[in-house]
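The structure under discussion appears below in the form of structure tokens.
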Amino acid sequence: MRISIEQACELLKQGQPVAIPTETVYGLAAPLNNLQAIDSIFQIKGRPKNNPLIIHLSEIESINDFIETPSSEIELLMHAFWPGPLTIVHEIVPNTVPEQVRSGLPTAAFRVPKHPLAQEVIRSIGPLVMPSANLSGRPSSTLPEHVERDFGDNFPVLDGGLCVTGLESTVIMEKEGLWYILREGAIPAEALANVLGNLPLSFIQRKDEAPLSPGQLYKHYSPKAKLILEGNPAEEEAIIGFSDRNYPLTGKFFSLGSSTNPQEAAQRLYSCLRELDDASIEKAWVDMNFPKINLWKTIADRLIRAASNI
Ligand code: TXA
Ligand code: MG
């Protein structure tokens, strides 16, 4: 159900979660200090309680309400990428973030979204927690229709049309002087390196250590269809590929756009995955023949996770 920005703010004030657009994907929003609304978010999504939520702020300076004086590198990152799709995980000042939001971790995740509607809602309500507005495990939502498909036609959605970026924020954290990417995302490692001077490291979770990035443990972005990421497309039912390439077409074709335009592929990716299910496709071959650098690396990460059953 499409709602106005006034209705979105009113429902949030009453403690009812609503979906709102961000530049990355649609978020399922609740006010940071409304524990009951936050509880509903976990329930609506079917999200495990030990997967923490990102806190969305309207101003860079609001970070000072939650953490001790930011380091000079964090200042650089915030000013380079906020507002925008970078999420910074940081140790918090005790009692500034409800435990449910952080799943009991001593850290919390922060970002300032760029979308004007998200900014307006946060300015009116205060900081919002927002996981992606999809059932846990499913592809994220980049259109209001996707939210309605997962949560039902009556679920309140603030319509911002298609999300321009189409992939979630990059989640990063500093540990013992080194920067780690906890989740690949819309800001590639190469862009972070331009600011930090070094490429951030990919975080590899050791089984015997407490998870630094709990979200990475779960099945993600998956359509019901089985995705084949290798070999040739001959026998498959459907193809996810590029509009400027020729394939031996045996079934339906789902286009990621031009093979030279990673922004377009990012924007179309979750729609393609969802369209497979709408068309009751059981098996699709995916053209993975693209360079695994910059934004393409995030696209590859999402497809590999979408294809995996863990
Ligand atoms: O682009 C985005 O980030 C979207 C839009 C709506 O802002 N949000 C989003 O939220 O993707 P979600 O909940 O789907 O993913 C949040 C990720 C999860 O992988 C979670 O584990 C991680 O951020 N995260 C949150 N708090 C964390 C913390 N304290 N430590 C480590 N990872 C954290
Ligand atoms: Mg998500």
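Just remember, in the structure tokens the first chain shown is A, the second B, etc., residues are 1-based per chain, and ligands are 1-based in the order shown.
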Test item: residues at most 7 Å from stretch 248-255 of chain A, only C-alpha atoms, excluding those fewer than 5 positions along its chain, as JSON, numbers by chain
{"A": [234, 237, 238, 239, 240, 241, 242, 243, 272]}
Going by DSSP on the backbone, which residues of stretch 146-284 of chain A come out as alpha helix (DSSP H)? List them as a PyMOL selection string.
chain A and resi 146-151+189-196+262-278
So that I have them on file, write out the residues from the current selection with N, CA and C atoms, as a compact mmCIF listing (two decimals), in the first residue's frame.
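Written output follows (selection-v2.txt):
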```txt
# COMPACT_ATOMS: atom_id res chain seq x y z
N HIS A 146 8.37 -4.91 -5.03
CA HIS A 146 9.12 -5.99 -4.39
C HIS A 146 8.75 -6.09 -2.90
N VAL A 147 8.60 -4.93 -2.26
CA VAL A 147 8.24 -4.91 -0.84
C VAL A 147 6.86 -5.53 -0.66
N GLU A 148 5.93 -5.12 -1.55
CA GLU A 148 4.55 -5.62 -1.44
C GLU A 148 4.50 -7.12 -1.71
N ARG A 149 5.35 -7.58 -2.59
CA ARG A 149 5.39 -9.02 -2.90
C ARG A 149 5.80 -9.81 -1.65
N ASP A 150 6.78 -9.27 -0.89
CA ASP A 150 7.28 -10.00 0.29
C ASP A 150 6.39 -9.81 1.52
N PHE A 151 5.89 -8.59 1.74
CA PHE A 151 5.17 -8.31 3.00
C PHE A 151 3.66 -8.17 2.81
N ALA A 189 35.95 -1.49 -2.99
CA ALA A 189 37.18 -1.40 -2.19
C ALA A 189 38.14 -0.38 -2.80
N GLU A 190 38.16 -0.33 -4.14
CA GLU A 190 39.09 0.59 -4.81
C GLU A 190 38.78 2.04 -4.46
N ALA A 191 37.50 2.38 -4.32
CA ALA A 191 37.12 3.76 -3.97
C ALA A 191 37.51 4.06 -2.53
N LEU A 192 37.41 3.07 -1.66
CA LEU A 192 37.82 3.26 -0.25
C LEU A 192 39.33 3.46 -0.19
N ALA A 193 40.06 2.72 -1.03
CA ALA A 193 41.52 2.82 -1.04
C ALA A 193 41.98 4.22 -1.44
N ASN A 194 41.20 4.87 -2.31
CA ASN A 194 41.56 6.24 -2.70
C ASN A 194 41.57 7.18 -1.51
N VAL A 195 40.75 6.87 -0.51
CA VAL A 195 40.66 7.72 0.68
C VAL A 195 41.61 7.22 1.77
N LEU A 196 41.68 5.89 1.95
CA LEU A 196 42.46 5.33 3.06
C LEU A 196 43.95 5.19 2.70
N PRO A 262 28.41 -1.44 -15.21
CA PRO A 262 28.15 -2.12 -13.93
C PRO A 262 27.04 -1.44 -13.11
N GLN A 263 26.89 -0.11 -13.25
CA GLN A 263 25.81 0.57 -12.51
C GLN A 263 24.45 0.03 -12.95
N GLU A 264 24.31 -0.15 -14.26
CA GLU A 264 23.03 -0.66 -14.78
C GLU A 264 22.79 -2.10 -14.29
N ALA A 265 23.86 -2.91 -14.32
CA ALA A 265 23.72 -4.31 -13.87
C ALA A 265 23.33 -4.33 -12.39
N ALA A 266 23.96 -3.46 -11.60
CA ALA A 266 23.66 -3.40 -10.15
C ALA A 266 22.19 -3.04 -9.94
N GLN A 267 21.74 -2.05 -10.71
CA GLN A 267 20.37 -1.57 -10.56
C GLN A 267 19.34 -2.64 -10.95
N ARG A 268 19.70 -3.50 -11.90
CA ARG A 268 18.74 -4.49 -12.41
C ARG A 268 18.82 -5.84 -11.70
N LEU A 269 19.91 -6.06 -10.95
CA LEU A 269 20.18 -7.40 -10.45
C LEU A 269 19.02 -8.00 -9.64
N TYR A 270 18.56 -7.30 -8.60
CA TYR A 270 17.53 -7.90 -7.74
C TYR A 270 16.19 -8.04 -8.47
N SER A 271 15.89 -7.11 -9.39
CA SER A 271 14.67 -7.27 -10.19
C SER A 271 14.75 -8.54 -11.00
N CYS A 272 15.92 -8.79 -11.62
CA CYS A 272 16.10 -10.01 -12.43
C CYS A 272 15.87 -11.25 -11.56
N LEU A 273 16.49 -11.26 -10.37
CA LEU A 273 16.35 -12.44 -9.51
C LEU A 273 14.90 -12.66 -9.12
N ARG A 274 14.19 -11.56 -8.84
CA ARG A 274 12.79 -11.68 -8.45
C ARG A 274 11.91 -12.08 -9.64
N GLU A 275 12.26 -11.58 -10.83
CA GLU A 275 11.47 -11.92 -12.03
C GLU A 275 11.55 -13.43 -12.34
N LEU A 276 12.68 -14.05 -11.99
CA LEU A 276 12.79 -15.50 -12.19
C LEU A 276 11.66 -16.20 -11.45
N ASP A 277 11.45 -15.80 -10.21
CA ASP A 277 10.40 -16.44 -9.40
C ASP A 277 9.02 -16.12 -9.95
N ASP A 278 8.82 -14.86 -10.36
CA ASP A 278 7.51 -14.48 -10.91
C ASP A 278 7.18 -15.33 -12.13
```
Shell around A:Glu23 at 8 Å using only C-alpha atoms, local window under 4 positions removed, as a ChimeraX atom specification
/A:84-85,113-115,163-166
Would you please give, as a CSV table (one decimal) with all heavy atoms, in the first residue's frame, all residues of stretch 11-54 of chain A that DSSP assigns to strand (DSSP E) based on the backbone?
```
chain,number,residue,atom,x,y,z
A,18,VAL,N,7.5,0.9,8.6
A,18,VAL,CA,7.1,1.2,7.2
A,18,VAL,C,8.3,1.0,6.3
A,18,VAL,O,9.4,1.1,6.8
A,18,VAL,CB,6.6,2.6,7.0
A,18,VAL,CG1,5.3,2.9,7.8
A,18,VAL,CG2,7.6,3.6,7.4
A,19,ALA,N,8.1,0.7,5.0
A,19,ALA,CA,9.2,0.6,4.1
A,19,ALA,C,9.4,2.0,3.5
A,19,ALA,O,8.5,2.6,3.1
A,19,ALA,CB,8.9,-0.4,3.0
A,20,ILE,N,10.7,2.4,3.4
A,20,ILE,CA,11.0,3.6,2.8
A,20,ILE,C,12.2,3.5,1.8
A,20,ILE,O,13.0,2.6,2.0
A,20,ILE,CB,11.3,4.8,3.8
A,20,ILE,CG1,12.6,4.5,4.6
A,20,ILE,CG2,10.1,5.0,4.8
A,20,ILE,CD1,12.9,5.7,5.5
A,27,GLY,N,14.3,0.2,2.6
A,27,GLY,CA,14.6,-0.2,4.0
A,27,GLY,C,13.3,-0.4,4.8
A,27,GLY,O,12.3,0.2,4.5
A,28,LEU,N,13.3,-1.3,5.8
A,28,LEU,CA,12.2,-1.5,6.6
A,28,LEU,C,12.5,-0.7,7.9
A,28,LEU,O,13.3,-1.1,8.7
A,28,LEU,CB,12.0,-3.0,6.9
A,28,LEU,CG,10.9,-3.4,7.8
A,28,LEU,CD1,9.5,-3.0,7.3
A,28,LEU,CD2,10.9,-5.0,8.0
A,29,ALA,N,11.8,0.4,8.1
A,29,ALA,CA,12.2,1.4,9.1
A,29,ALA,C,11.5,1.3,10.4
A,29,ALA,O,10.3,1.0,10.4
A,29,ALA,CB,12.0,2.8,8.5
A,30,ALA,N,12.2,1.5,11.5
A,30,ALA,CA,11.6,1.7,12.8
A,30,ALA,C,12.5,2.7,13.6
A,30,ALA,O,13.7,2.8,13.3
A,30,ALA,CB,11.6,0.4,13.6
A,31,PRO,N,11.9,3.5,14.4
A,31,PRO,CA,12.7,4.5,15.2
A,31,PRO,C,13.7,3.8,16.1
A,31,PRO,O,13.3,2.8,16.7
A,31,PRO,CB,11.6,5.3,16.0
A,31,PRO,CG,10.3,5.0,15.4
A,31,PRO,CD,10.4,3.6,14.7
A,54,ILE,N,21.4,-1.7,10.9
A,54,ILE,CA,22.1,-0.4,10.6
A,54,ILE,C,21.3,0.8,11.1
A,54,ILE,O,20.1,0.9,10.9
A,54,ILE,CB,22.4,-0.3,9.1
A,54,ILE,CG1,23.3,-1.4,8.6
A,54,ILE,CG2,23.1,1.1,8.8
A,54,ILE,CD1,23.5,-1.4,7.1
```
Of the candidates A:Ile187, A:Ile60, A:Ile125, A:Ala109, which one gets nearest to ligand 1 if we count only C-alpha atoms and all ligand atoms?
A:Ala109
Need the shell around A:Lys45: protein/DNA/RNA residues with any atom at most 7 Å away, counting only C-alpha atoms. Skip same-chain ones fewer than 4 positions apart. Format as a VMD selection string?
chain A and resid 41 134 to 136
Mind writing the picked residues with N, CA, C and O atoms as a JSON list (two decimals), in the first residue's frame?
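Result file follows (again-v4.json):
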```
[["chain", "number", "residue", "atom", "x", "y", "z"],
["A", 41, "ILE", "N", 10.19, -5.50, 13.40],
["A", 41, "ILE", "CA", 11.03, -5.61, 12.20],
["A", 41, "ILE", "C", 11.61, -7.01, 12.07],
["A", 41, "ILE", "O", 11.58, -7.62, 11.00],
["A", 134, "ASN", "N", 12.96, -6.86, 2.79],
["A", 134, "ASN", "CA", 12.68, -8.13, 2.11],
["A", 134, "ASN", "C", 12.58, -9.21, 3.17],
["A", 134, "ASN", "O", 13.11, -9.04, 4.27],
["A", 135, "LEU", "N", 11.91, -10.32, 2.82],
["A", 135, "LEU", "CA", 11.93, -11.46, 3.73],
["A", 135, "LEU", "C", 13.37, -11.94, 3.85],
["A", 135, "LEU", "O", 14.11, -11.94, 2.86],
["A", 136, "SER", "N", 13.78, -12.32, 5.04],
["A", 136, "SER", "CA", 15.14, -12.76, 5.27],
["A", 136, "SER", "C", 15.52, -13.85, 4.27],
["A", 136, "SER", "O", 14.75, -14.79, 4.05]]
```
Which of these, A:Ile55, A:Met130, A:Ala8, A:Leu105, has the shortest distance to ligand 2 once you count only C-alpha atoms and all ligand atoms?
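With only C-alpha atoms and all ligand atoms as the atom set, the closest residue is A:Met130.
With only C-alpha atoms as the basis for measurement, A:Thr22 is the residue among A:Asn232, A:Ser58, A:Thr22, A:Thr107 that approaches A:Leu143 most closely.
If only C-alpha atoms and all ligand atoms are the atoms counted, then among A:Phe290, A:Trp296, A:Phe42, A:Phe81 the closest residue to ligand 2 is A:Phe42.
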